[in-house]
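File shown: input24.tsv (TSV, C-alpha atoms).
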```tsv
chain	number	residue	atom	x	y	z
D	1	MET	CA	-32.83	45.94	197.85
D	2	TYR	CA	-33.64	42.31	198.49
D	3	VAL	CA	-32.39	42.23	202.09
D	4	ALA	CA	-34.22	45.49	202.81
D	5	GLN	CA	-37.56	43.68	202.66
D	6	PRO	CA	-38.63	43.09	206.29
D	7	ARG	CA	-39.18	39.56	207.53
D	8	ASP	CA	-38.78	37.55	210.73
D	9	LEU	CA	-35.92	35.25	209.71
D	10	PRO	CA	-32.50	36.51	208.60
D	11	TYR	CA	-31.41	35.96	205.01
D	12	THR	CA	-28.69	33.45	204.12
D	13	ILE	CA	-25.90	33.54	201.55
D	14	ALA	CA	-27.39	30.50	199.80
D	15	GLU	CA	-30.79	32.15	199.57
D	16	LEU	CA	-29.34	35.41	198.27
D	17	ALA	CA	-27.25	33.60	195.68
D	18	GLU	CA	-30.24	31.64	194.42
D	19	ARG	CA	-32.66	34.56	194.42
D	20	LEU	CA	-30.22	36.99	192.78
D	21	GLN	CA	-28.88	34.35	190.38
D	22	VAL	CA	-25.22	34.75	191.36
D	23	SER	CA	-22.70	32.28	192.73
D	24	GLN	CA	-22.51	31.82	196.49
D	25	ASN	CA	-18.90	33.00	196.33
D	26	HIS	CA	-19.98	36.25	194.66
D	27	ALA	CA	-22.86	36.71	197.12
D	28	MET	CA	-20.43	36.22	200.00
D	29	LYS	CA	-18.14	38.95	198.62
D	30	ILE	CA	-21.05	41.36	198.24
D	31	VAL	CA	-22.32	40.67	201.76
D	32	HIS	CA	-18.80	41.08	203.17
D	33	PHE	CA	-18.39	44.44	201.41
D	34	MET	CA	-21.79	45.68	202.56
D	35	ALA	CA	-21.15	44.52	206.14
D	36	LYS	CA	-17.84	46.43	206.13
D	37	GLN	CA	-19.82	49.54	205.13
D	38	ASP	CA	-22.11	48.80	208.13
D	39	TRP	CA	-25.09	48.51	205.77
D	40	LEU	CA	-25.72	44.90	206.83
D	41	ILE	CA	-25.59	43.06	210.13
D	42	THR	CA	-24.23	39.54	209.83
D	43	THR	CA	-24.42	36.84	212.47
D	44	ARG	CA	-22.64	33.48	212.28
D	45	GLY	CA	-23.89	30.15	213.47
D	46	LYS	CA	-27.26	28.53	213.92
D	47	GLY	CA	-30.01	31.09	213.68
D	48	GLY	CA	-27.56	33.55	212.17
D	49	GLY	CA	-27.69	35.21	208.81
D	50	ILE	CA	-27.93	38.60	207.20
D	51	ARG	CA	-30.12	41.53	208.11
D	52	LEU	CA	-30.27	45.11	206.95
D	53	ASN	CA	-28.83	47.50	209.51
D	54	PRO	CA	-31.86	49.68	210.40
D	55	ALA	CA	-29.63	52.78	210.23
D	56	SER	CA	-29.09	52.01	206.52
D	57	LEU	CA	-32.67	53.01	205.77
D	58	ASN	CA	-31.63	56.63	206.27
D	59	LEU	CA	-28.61	56.52	203.96
D	60	ARG	CA	-28.74	58.95	201.05
D	61	LEU	CA	-28.86	57.19	197.69
D	62	GLY	CA	-26.10	59.39	196.30
D	63	GLN	CA	-23.86	58.35	199.19
D	64	ILE	CA	-24.55	54.67	198.48
D	65	VAL	CA	-23.89	54.99	194.74
D	66	ARG	CA	-20.69	56.98	195.34
D	67	ILE	CA	-19.38	54.16	197.53
D	68	LEU	CA	-20.44	51.46	195.05
D	69	GLN	CA	-18.89	53.36	192.14
D	70	ARG	CA	-15.76	54.10	194.18
D	71	ASP	CA	-15.71	57.65	192.83
D	72	SER	CA	-14.93	56.41	189.34
D	73	ASN	CA	-14.57	59.18	186.79
D	74	VAL	CA	-16.59	59.38	183.58
D	75	VAL	CA	-13.34	60.19	181.81
D	76	GLU	CA	-9.81	59.65	183.08
D	77	CYS	CA	-7.38	62.33	181.95
D	78	ASN	CA	-4.41	61.50	184.16
D	79	SER	CA	-3.66	57.81	183.66
D	80	PRO	CA	-2.37	57.67	181.02
D	81	PRO	CA	-1.97	61.46	180.70
D	82	CYS	CA	-4.21	62.77	177.94
D	83	VAL	CA	-2.45	64.96	175.37
D	84	LEU	CA	-5.63	67.06	175.01
D	85	ARG	CA	-5.80	67.92	178.73
D	86	PRO	CA	-4.34	71.47	178.46
D	87	THR	CA	-6.97	72.61	175.92
D	88	CYS	CA	-9.97	70.45	176.81
D	89	GLY	CA	-12.89	71.63	178.94
D	90	LEU	CA	-14.87	68.38	178.74
D	91	LYS	CA	-13.67	66.87	182.03
D	92	GLY	CA	-14.89	69.80	184.11
D	93	ILE	CA	-18.31	69.70	182.45
D	94	LEU	CA	-18.62	65.94	182.96
D	95	ASP	CA	-17.51	66.23	186.59
D	96	ASP	CA	-20.22	68.86	187.16
D	97	ALA	CA	-22.82	66.61	185.52
D	98	VAL	CA	-21.82	63.65	187.71
D	99	GLU	CA	-22.07	65.85	190.82
D	100	GLN	CA	-25.58	66.94	189.77
D	101	PHE	CA	-26.47	63.26	189.31
D	102	TYR	CA	-25.31	62.45	192.87
D	103	SER	CA	-27.03	65.56	194.25
D	104	SER	CA	-30.26	64.43	192.63
D	105	LEU	CA	-29.91	60.97	194.20
D	106	ASP	CA	-29.12	62.55	197.57
D	107	GLN	CA	-32.67	63.90	197.70
D	108	TYR	CA	-33.75	60.35	198.57
D	109	VAL	CA	-32.89	57.83	201.25
D	110	LEU	CA	-32.94	54.04	200.97
D	111	LYS	CA	-36.32	53.71	202.66
D	112	ASP	CA	-37.80	55.89	199.87
D	113	VAL	CA	-37.04	53.22	197.27
D	114	ILE	CA	-37.94	50.11	199.24
D	115	THR	CA	-41.37	51.37	200.28
D	116	PRO	CA	-43.88	51.77	197.46
D	117	LYS	CA	-45.01	55.39	197.25
D	118	ASN	CA	-48.67	54.62	197.86
D	119	ALA	CA	-47.82	52.45	200.91
D	120	ARG	CA	-46.32	55.47	202.69
D	121	PHE	CA	-49.73	57.11	203.00
D	122	SER	CA	-52.67	55.95	205.06
D	123	THR	CA	-55.70	54.93	203.03
D	124	ASN	CA	-57.74	57.05	205.47
D	125	SER	CA	-55.93	60.12	204.22
D	126	PRO	CA	-57.24	61.84	201.07
D	127	ILE	CA	-53.74	61.78	199.61
D	128	GLY	CA	-53.58	58.02	200.20
D	129	LEU	CA	-56.34	57.58	197.65
D	130	ILE	CA	-54.22	59.12	194.92
D	131	ASN	CA	-52.07	56.61	193.07
D	132	LEU	CA	-48.73	58.42	193.03
```
Once you've parsed the file, please lay out its structure as structure tokens.
Amino acid sequence: MYVAQPRDLPYTIAELAERLQVSQNHAMKIVHFMAKQDWLITTRGKGGGIRLNPASLNLRLGQIVRILQRDSNVVECNSPPCVLRPTCGLKGILDDAVEQFYSSLDQYVLKDVITPKNARFSTNSPIGLINL
């Protein structure tokens, strides 16, 4: 969210760490992970830094959260094997609920959450006058 804010200069690890109140080591790991996903563009050396990949603005939020959550289950019935598994219907219901959650998030893309709703409309438009 922070790197998605447009500006002329690229962001730095030190700046991110300070602004987000995390260690530089942790910030570096996060940036590395996000760059591997192709969400960020990183450039080394003088004048280098971190920028949001413009293509990331069109990523579905559900897709992003799925990757960040690494498809973790709400309940784990297999490891260790749950003795209630043969007679329990809870896992299927929870899996359906999680899928509905992701489907709901997939209605939005990243640019929807980094641009304030009222900034997406021109003030010359009648709808722009409505505070959404």
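Surrounding residues of (-36.2, 43.6, 203.1) at most 12 Å away are D:Met1, D:Tyr2, D:Val3, D:Ala4, D:Gln5, D:Pro6, D:Arg7, D:Asp8, D:Leu9, D:Pro10, D:Tyr11, D:Leu16, D:Leu40, D:Ile50, D:Arg51, D:Leu52, D:Asn53, D:Pro54, D:Ser56, D:Leu57, D:Leu110, D:Lys111, D:Val113, D:Ile114, D:Thr115 (based on all atoms listed in the file).
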Looking at all atoms listed in the file, which of D:Val74, D:Ala17, D:Cys88, D:Val65 is the one that sits closest to Ile30 in chain D?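 Closest to Ile30 in chain D of all the choices is D:Ala17.
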Distance CA of Glu15 in chain D-CA of Gly48 in chain D, one decimal place? 13.1 Å
Got a sec: who's within 12 Å of Ser103 in chain D, counting only C-alpha atoms, leaving out chain neighbours fewer than 2 positions off, as a list in words?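 Near Ser103 in chain D, the qualifying residues are Arg60, Leu61, Gly62, Gln63, Ile64, Val65, Arg66, Asp96, Ala97, Val98, Glu99, Gln100, Phe101, Leu105, Asp106, Gln107, Tyr108 and Val109 of chain D.
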Could you give me, as a PyMOL selection string, the residues within 12 Å of Thr12 in chain D, counting only C-alpha atoms and dropping anything in the same chain fewer than 5 positions from it? chain D and resi 2-3+17-20+24+27-28+31+41-51
In Å, with one decimal, what is the gap from CA of Asn25 in chain D to CA of Asn73 in chain D?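 So the answer is 28.2 Å.
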One decimal, in Å: what's the spacing between CA of Asp38 in chain D and CA of Ser72 in chain D?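 It comes out at 21.5 Å.
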Could you give me the centre and size, in Å to one decimal, of an axis-aligned box around all listed atoms of range 28-31 of chain D with 3 Å added on every side, as JSON?
```
{"center_x": -20.2, "center_y": 38.8, "center_z": 200.0, "size_x": 10.2, "size_y": 11.1, "size_z": 9.5}
```
